[in-house]
file final.cif (mmCIF, C-alpha atoms and all ligand atoms)
data_upload
#
loop_
_atom_site.label_atom_id
_atom_site.label_comp_id
_atom_site.auth_asym_id
_atom_site.auth_seq_id
_atom_site.Cartn_x
_atom_site.Cartn_y
_atom_site.Cartn_z
CA ILE D 19 14.81 -19.95 -14.99
CA GLY D 20 13.93 -23.57 -14.31
CA LYS D 21 17.14 -24.92 -15.90
CA LYS D 22 17.75 -26.73 -12.65
CA VAL D 23 14.67 -28.47 -11.25
CA ILE D 24 14.59 -30.35 -7.95
CA HIS D 25 11.65 -32.73 -7.96
CA LEU D 26 10.61 -34.10 -4.58
CA ASP D 27 7.98 -36.67 -3.68
CA THR D 28 7.13 -35.11 -0.38
CA VAL D 29 8.33 -32.18 1.73
CA GLY D 30 6.97 -30.00 4.52
CA SER D 31 6.86 -26.87 2.42
CA THR D 32 8.74 -26.17 -0.80
CA ASN D 33 9.26 -22.60 0.44
CA ASP D 34 10.92 -23.81 3.66
CA TYR D 35 13.03 -26.27 1.67
CA ALA D 36 14.04 -23.47 -0.71
CA LYS D 37 15.14 -21.35 2.25
CA GLU D 38 17.27 -24.21 3.59
CA ILE D 39 19.20 -24.61 0.34
CA GLY D 40 18.88 -21.02 -0.93
CA ASN D 41 22.50 -20.09 -0.26
CA LYS D 42 23.87 -23.23 -1.88
CA VAL D 43 22.10 -23.34 -5.23
CA SER D 44 22.20 -21.06 -8.23
CA GLY D 45 19.51 -18.51 -9.02
CA GLY D 46 16.74 -19.89 -11.22
CA THR D 47 16.50 -23.20 -9.35
CA LEU D 48 12.96 -24.53 -9.19
CA ILE D 49 11.75 -26.89 -6.48
CA ILE D 50 8.61 -28.91 -7.14
CA SER D 51 7.02 -31.40 -4.78
CA GLU D 52 4.24 -33.88 -5.45
CA GLN D 53 2.82 -33.14 -2.01
CA GLN D 54 3.46 -30.87 0.95
CA THR D 55 2.72 -31.87 4.52
CA LYS D 56 3.00 -28.31 5.86
CA GLY D 57 2.05 -26.15 2.89
CA LYS D 58 1.93 -22.50 3.92
CA GLY D 59 -0.34 -19.72 2.74
CA ARG D 60 -0.13 -16.03 3.47
CA LEU D 61 -0.91 -14.70 6.93
CA GLY D 62 -0.01 -18.02 8.57
CA ARG D 63 -2.74 -19.91 6.78
CA VAL D 64 -2.52 -23.58 5.82
CA TRP D 65 -2.23 -24.43 2.11
CA LYS D 66 -3.69 -27.86 1.33
CA SER D 67 -1.25 -29.64 -0.98
CA LYS D 68 -2.24 -33.23 -1.54
CA SER D 69 -0.32 -35.52 -3.84
CA GLY D 70 -1.26 -35.12 -7.47
CA ASP D 71 -3.78 -32.34 -6.79
CA GLY D 72 -1.72 -29.43 -8.02
CA ILE D 73 1.56 -27.72 -8.72
CA TRP D 74 3.38 -26.94 -5.49
CA MET D 75 6.57 -25.17 -6.38
CA SER D 76 9.12 -22.61 -5.21
CA LEU D 77 11.48 -20.66 -7.40
CA ILE D 78 14.76 -19.40 -5.97
CA ILE D 79 16.09 -16.26 -7.62
CA LYS D 80 19.08 -14.10 -6.83
CA PRO D 81 18.46 -10.64 -8.18
CA LYS D 82 20.96 -7.91 -7.42
CA ILE D 83 18.43 -5.48 -6.01
CA GLU D 84 17.72 -3.69 -2.79
CA PRO D 85 15.19 -5.45 -0.54
CA TYR D 86 12.47 -2.82 -1.03
CA LYS D 87 12.29 -3.75 -4.70
CA ALA D 88 11.51 -7.41 -3.96
CA PRO D 89 7.72 -7.16 -3.42
CA PHE D 90 7.34 -6.21 -7.08
CA LEU D 91 8.56 -9.73 -7.91
CA THR D 92 5.26 -11.07 -6.58
CA LEU D 93 3.52 -9.10 -9.31
CA VAL D 94 6.03 -10.42 -11.85
CA ALA D 95 5.17 -13.95 -10.73
CA GLY D 96 1.41 -13.33 -10.78
CA ALA D 97 1.59 -11.80 -14.24
CA SER D 98 3.63 -14.80 -15.41
CA VAL D 99 1.11 -17.31 -14.05
CA VAL D 100 -1.83 -15.54 -15.64
CA LYS D 101 -0.02 -15.20 -18.97
CA ALA D 102 1.05 -18.86 -18.86
CA LEU D 103 -2.55 -19.95 -18.24
CA SER D 104 -3.84 -17.62 -20.92
CA ASN D 105 -1.34 -19.12 -23.42
CA LEU D 106 -2.92 -22.50 -22.64
CA GLY D 107 -6.46 -21.23 -23.16
CA VAL D 108 -7.49 -20.56 -19.56
CA GLU D 109 -9.45 -17.40 -18.80
CA ALA D 110 -7.74 -16.37 -15.59
CA SER D 111 -7.35 -13.04 -13.84
CA ILE D 112 -5.28 -11.49 -11.06
CA LYS D 113 -6.76 -10.37 -7.80
CA TRP D 114 -4.10 -7.92 -6.65
CA PRO D 115 -1.58 -8.53 -5.22
CA ASN D 116 -1.12 -12.27 -5.45
CA ASP D 117 -4.15 -14.42 -6.13
CA ILE D 118 -5.07 -15.87 -9.49
CA ILE D 119 -8.73 -16.52 -10.02
CA VAL D 120 -10.85 -18.41 -12.53
CA HIS D 121 -14.61 -17.91 -12.72
CA ASN D 122 -14.43 -15.73 -9.62
CA LYS D 123 -12.75 -18.36 -7.45
CA LYS D 124 -9.13 -18.72 -6.40
CA ILE D 125 -7.02 -21.33 -8.18
CA CYS D 126 -3.55 -20.08 -7.34
CA GLY D 127 -1.79 -18.30 -4.49
CA ILE D 128 1.70 -16.85 -4.31
CA LEU D 129 3.86 -16.53 -1.21
CA THR D 130 7.09 -14.58 -1.62
CA GLU D 131 9.79 -14.79 1.05
CA LEU D 132 13.01 -12.85 1.20
CA SER D 133 16.46 -13.50 2.60
CA ALA D 134 18.37 -10.26 2.93
CA GLU D 135 21.12 -8.78 5.06
CA MET D 136 22.85 -5.42 5.12
CA GLU D 137 20.42 -3.97 2.58
CA ARG D 138 21.34 -6.69 0.11
CA VAL D 139 19.11 -9.45 -1.18
CA ASN D 140 20.66 -12.92 -0.81
CA TYR D 141 17.82 -14.66 -2.54
CA VAL D 142 14.09 -14.49 -3.02
CA VAL D 143 11.81 -17.51 -2.79
CA ILE D 144 8.63 -17.30 -4.82
CA GLY D 145 6.22 -20.02 -3.75
CA ILE D 146 3.38 -20.82 -6.10
CA GLY D 147 0.49 -23.20 -5.52
CA ILE D 148 -1.84 -23.95 -8.42
CA ASN D 149 -4.87 -26.15 -7.80
CA ILE D 150 -5.09 -28.48 -10.78
CA LYS D 151 -7.23 -31.45 -9.82
CA THR D 152 -8.52 -30.69 -6.33
CA ILE D 153 -12.19 -31.61 -6.05
CA ASP D 154 -12.96 -31.32 -2.35
CA PHE D 155 -12.02 -28.17 -0.51
CA PRO D 156 -12.40 -27.65 3.25
CA ASP D 157 -15.74 -26.08 4.19
CA GLU D 158 -14.17 -22.72 5.13
CA ILE D 159 -12.88 -22.15 1.60
CA LYS D 160 -15.37 -24.13 -0.47
CA GLU D 161 -17.09 -21.01 -1.75
CA LYS D 162 -13.85 -19.24 -2.57
CA ALA D 163 -11.48 -21.89 -3.97
CA THR D 164 -11.46 -24.00 -7.09
CA SER D 165 -9.18 -26.01 -9.36
CA LEU D 166 -8.59 -25.95 -13.10
CA TYR D 167 -10.24 -29.36 -13.40
CA LYS D 168 -13.35 -28.15 -11.54
CA GLU D 169 -13.63 -25.24 -13.95
CA GLY D 170 -13.46 -27.53 -16.95
CA TYR D 171 -9.79 -27.26 -17.90
CA LYS D 172 -7.70 -30.39 -18.37
CA LEU D 173 -4.10 -29.26 -18.63
CA SER D 174 -0.81 -30.98 -18.03
CA ARG D 175 1.26 -29.77 -15.12
CA VAL D 176 4.41 -29.88 -17.23
CA ASP D 177 2.92 -27.52 -19.82
CA ILE D 178 1.90 -25.04 -17.15
CA VAL D 179 5.29 -25.09 -15.43
CA ARG D 180 7.05 -24.72 -18.79
CA GLN D 181 4.89 -21.78 -19.86
CA PHE D 182 5.35 -20.18 -16.46
CA CYS D 183 9.16 -20.41 -16.72
CA ILE D 184 9.14 -18.88 -20.21
CA GLU D 185 6.91 -15.97 -19.19
CA PHE D 186 8.65 -15.38 -15.86
CA GLU D 187 12.07 -15.28 -17.50
CA LYS D 188 10.96 -12.54 -19.92
CA LEU D 189 9.37 -10.31 -17.28
CA TYR D 190 12.02 -10.98 -14.64
CA LYS D 191 14.95 -10.20 -16.94
CA GLY D 192 13.17 -7.06 -18.13
CA TYR D 193 12.70 -5.87 -14.56
CA ILE D 194 16.10 -6.78 -13.15
CA LEU D 195 18.32 -5.97 -16.13
CA ASP D 196 16.49 -3.01 -17.65
CA GLY D 197 14.26 -1.78 -14.84
CA ASN D 198 11.28 -2.49 -17.05
CA LYS D 199 8.18 -2.62 -14.88
CA GLN D 200 5.81 -1.70 -17.68
CA ASP D 201 5.43 -5.17 -19.21
CA THR D 202 4.47 -6.63 -15.83
CA LEU D 203 2.15 -3.74 -14.99
CA GLU D 204 0.45 -3.95 -18.38
CA LEU D 205 -0.33 -7.63 -17.80
CA CYS D 206 -1.49 -6.93 -14.24
CA ARG D 207 -3.88 -4.29 -15.58
CA LYS D 208 -5.03 -6.27 -18.61
CA TYR D 209 -5.80 -9.36 -16.55
CA SER D 210 -6.95 -7.58 -13.41
CA ALA D 211 -10.00 -9.02 -11.67
CA ILE D 212 -10.61 -5.81 -9.72
CA ILE D 213 -9.69 -2.65 -11.65
CA GLY D 214 -12.83 -0.66 -12.36
CA LYS D 215 -14.75 -2.63 -9.76
CA GLN D 216 -15.92 -2.18 -6.19
CA VAL D 217 -14.06 -4.25 -3.64
CA TYR D 218 -13.63 -4.43 0.10
CA VAL D 219 -10.22 -3.51 1.41
CA ILE D 220 -9.50 -5.32 4.65
CA LYS D 221 -7.19 -3.63 7.15
CA ASN D 222 -6.96 -4.02 10.91
CA ASN D 223 -9.97 -6.33 10.82
CA LYS D 224 -12.16 -3.64 9.26
CA ARG D 225 -13.47 -3.73 5.74
CA GLU D 226 -14.10 -0.68 3.65
CA LEU D 227 -15.89 -0.54 0.32
CA VAL D 228 -13.80 1.21 -2.33
CA LYS D 229 -13.52 1.41 -6.11
CA CYS D 230 -10.30 0.17 -7.70
CA ILE D 231 -8.85 2.66 -10.12
CA ASP D 232 -5.43 1.40 -11.16
CA ILE D 233 -2.15 -0.24 -10.22
CA ASN D 234 0.58 2.38 -10.15
CA GLU D 235 4.26 2.35 -11.10
CA ASN D 236 5.23 0.94 -7.71
CA GLY D 237 2.80 -1.92 -8.02
CA ASN D 238 0.48 -0.39 -5.42
CA LEU D 239 -3.28 -0.41 -5.77
CA ILE D 240 -4.99 2.95 -6.29
CA VAL D 241 -8.52 3.10 -4.92
CA LYS D 242 -11.23 5.71 -4.52
CA GLU D 243 -12.90 5.80 -1.13
CA LYS D 244 -16.58 6.50 -0.53
CA ASN D 245 -15.81 10.11 0.37
CA GLY D 246 -14.06 10.53 -2.99
CA GLU D 247 -10.54 10.47 -1.58
CA ILE D 248 -7.89 8.63 -3.58
CA GLN D 249 -5.72 6.22 -1.60
CA GLU D 250 -2.65 4.16 -2.44
CA ILE D 251 -2.65 0.69 -0.92
CA MET D 252 0.70 -1.02 -0.54
CA SER D 253 -0.24 -4.36 0.87
CA GLY D 254 -3.17 -6.13 2.32
CA GLU D 255 -6.22 -8.08 1.51
CA VAL D 256 -8.85 -7.31 -1.04
CA SER D 257 -12.17 -9.09 -1.10
CA ILE D 258 -14.58 -9.34 -4.00
CA ARG D 259 -17.15 -11.31 -2.01
CA GLY D 260 -20.48 -9.77 -1.14
CA VAL D 261 -19.82 -6.46 -2.89
C1 LIG D 301 -1.66 -17.83 -0.46
O1 LIG D 301 -2.50 -17.60 -1.33
O2 LIG D 301 -1.95 -17.66 0.74
C2 LIG D 301 -0.29 -18.29 -0.86
C3 LIG D 301 -0.25 -19.77 -1.10
C4 LIG D 301 1.12 -20.27 -1.52
C5 LIG D 301 1.18 -21.77 -1.64
C6 LIG D 301 2.46 -22.25 -2.23
S1 LIG D 301 2.45 -23.97 -2.59
C7 LIG D 301 4.17 -23.96 -2.88
C8 LIG D 301 4.79 -23.04 -1.85
N1 LIG D 301 5.11 -23.75 -0.63
C9 LIG D 301 4.36 -23.36 0.40
O3 LIG D 301 4.40 -23.83 1.56
N2 LIG D 301 3.52 -22.38 0.01
C10 LIG D 301 3.71 -22.04 -1.40
#
call {"tool": "encode", "arguments": {"input": "final.cif", "output": "structure tokens"}}
result
Amino acid sequence: IGKKVIHLDTVGSTNDYAKEIGNKVSGGTLIISEQQTKGKGRLGRVWKSKSGDGIWMSLIIKPKIEPYKAPFLTLVAGASVVKALSNLGVEASIKWPNDIIVHNKKICGILTELSAEMERVNYVVIGIGINIKTIDFPDEIKEKATSLYKEGYKLSRVDIVRQFCIEFEKLYKGYILDGNKQDTLELCRKYSAIIGKQVYVIKNNKRELVKCIDINENGNLIVKEKNGEIQEIMSGEVSIRGV
């Protein structure tokens, strides 16, 4: 992982670039850009990616798995980011499924995209944006977003990327070669920002207050509803604001 690194000055989106070259490069190739002019977030959102403000990167991997097993790789990536930051002394946690937060605000988002045909994965692109030095955030996200610098951490981007590659390689190999999900799940539980807490689950524009119980073997979130019913949530948005 990260043996081949493509370092760009500027690009629309490292995820889109990764999808353009995905079939031509070997698995483990990492694309990093100083800035992105069309950085993408989940749900069609814009991801601000100014030059020098953060780590904007996409990892191309080629696991021999069926497509339904790919979403778990987002948890592998999230666990790797949080472990990498923890190794460097940052108190970070994971807001399931794919946000990393510091002091209750988001510093990192993950966007996983899949290329598959005939029930076979060609490649998976894991896009990771980590706010390192950003100071000014747009008004809409000011309350929710932060950067490592804003939270008092001065870390080098190279150290973070290096730590991430080391941690990702361990968890990824464990999952793909040995079917080991436990190491990833243990980290997701240990560093969870929401297990044991009340959160809002947002679905179809409605929000429902629930208590998070656990993350299960499939990487899904287990919650207890107000009426006491236990539900398994496979995807979606979770909000810790205003609980
Ligand atoms: C989210 O939280 O909504 C996901 C954000 C993902 C941002 C990263 S930055 C590198 C890669 N390229 C993109 O266009 N997006 C991801």
call {"tool": "closest_residue", "arguments": {"input": "final.cif", "among": "D:Glu204, D:Asp117, D:Glu131, D:Asp71", "to": "ligand LIG 301 (chain D)", "atoms": "all atoms listed in the file"}}
result
D:Asp117
call {"tool": "residues_near_point", "arguments": {"input": "final.cif", "point": "(12.7, 0.3, -9.3)", "cutoff": "9 Å", "atoms": "only C-alpha atoms", "output": "NGL selection string"}}
result
:D and (83 or 86-87 or 90 or 193-194 or 197-199 or 235-236)
call {"tool": "closest_residue", "arguments": {"input": "final.cif", "among": "D:Ile24, D:Ala95, D:Ile50, D:Ile78", "to": "Tyr190 of chain D", "atoms": "all atoms listed in the file"}}
result
D:Ala95
call {"tool": "residues_near_ligand", "arguments": {"input": "final.cif", "ligand": "ligand LIG 301 (chain D)", "cutoff": "10 Å", "atoms": "all atoms listed in the file", "output": "JSON, numbers by chain"}}
result
{"D": [29, 30, 31, 32, 33, 34, 35, 36, 49, 50, 51, 53, 54, 55, 56, 57, 58, 59, 60, 61, 62, 63, 64, 65, 66, 67, 72, 73, 74, 75, 76, 77, 115, 116, 117, 118, 124, 125, 126, 127, 128, 129, 130, 131, 143, 144, 145, 146, 147, 148, 149]}
call {"tool": "residues_around", "arguments": {"input": "final.cif", "residues": "Val94 of chain D", "least_positions_apart": "2", "cutoff": "8 Å", "atoms": "only C-alpha atoms", "output": "compact mmCIF listing (two decimals) with C-alpha atoms, keeping the file's coordinate frame"}}
result
# COMPACT_ATOMS: atom_id res chain seq x y z
CA PHE D 90 7.34 -6.21 -7.08
CA LEU D 91 8.56 -9.73 -7.91
CA THR D 92 5.26 -11.07 -6.58
CA GLY D 96 1.41 -13.33 -10.78
CA ALA D 97 1.59 -11.80 -14.24
CA SER D 98 3.63 -14.80 -15.41
CA PHE D 186 8.65 -15.38 -15.86
CA LEU D 189 9.37 -10.31 -17.28
CA TYR D 190 12.02 -10.98 -14.64
CA THR D 202 4.47 -6.63 -15.83
call {"tool": "residues_around", "arguments": {"input": "final.cif", "residues": "Cys230 of chain D", "least_positions_apart": "3", "cutoff": "6 Å", "atoms": "all atoms listed in the file", "output": "PyMOL selection string"}}
result
chain D and resi 213-215+241
call {"tool": "atom_distance", "arguments": {"input": "final.cif", "atom1": "atom CA of Gly45 of chain D", "atom2": "atom CA of Ala102 of chain D"}}
result
20.9 Å
call {"tool": "residues_near_point", "arguments": {"input": "final.cif", "point": "(-1.8, -5.9, -14.9)", "cutoff": "10 Å", "atoms": "only C-alpha atoms", "output": "number ranges by chain"}}
result
D: 93-94, 96-97, 100, 111-114, 200-211, 213, 232-234, 237
call {"tool": "closest_residue", "arguments": {"input": "final.cif", "among": "D:Leu132, D:Glu255, D:Val261, D:Lys191", "to": "Asn222 of chain D", "atoms": "all atoms listed in the file"}}
result
D:Glu255
call {"tool": "axis_aligned_box", "arguments": {"input": "final.cif", "around": "segment 108-126 of chain D", "padding_each_side": "3 Å", "output": "lines of an AutoDock Vina configuration file"}}
result
center_x = -7.9
center_y = -14.6
center_z = -12.4
size_x = 19.5
size_y = 19.4
size_z = 20.3
call {"tool": "atom_distance", "arguments": {"input": "final.cif", "atom1": "atom CA of Leu173 of chain D", "atom2": "atom CA of Glu161 of chain D"}}
result
22.8 Å
call {"tool": "residues_around", "arguments": {"input": "final.cif", "residues": "Ile19 of chain D", "least_positions_apart": "3", "cutoff": "7 Å", "atoms": "all atoms listed in the file", "output": "list in words"}}
result
Gly46, Thr47, Cys183 and Glu187 of chain D
call {"tool": "atom_distance", "arguments": {"input": "final.cif", "atom1": "atom CA of Leu106 of chain D", "atom2": "atom CA of Asp177 of chain D"}}
result
8.2 Å
call {"tool": "closest_residue", "arguments": {"input": "final.cif", "among": "D:Lys37, D:Arg180, D:Lys224, D:Lys188", "to": "Ser133 of chain D", "atoms": "only C-alpha atoms"}}
result
D:Lys37
call {"tool": "residues_around", "arguments": {"input": "final.cif", "residues": "Lys123 of chain D", "least_positions_apart": "4", "cutoff": "7 Å", "atoms": "all atoms listed in the file", "output": "list in words"}}
result
Ile119, Lys162, Ala163 and Thr164 of chain D
call {"tool": "closest_residue", "arguments": {"input": "final.cif", "among": "D:Lys160, D:Tyr141, D:Ser69, D:Val179", "to": "Lys21 of chain D", "atoms": "all atoms listed in the file"}}
result
D:Val179
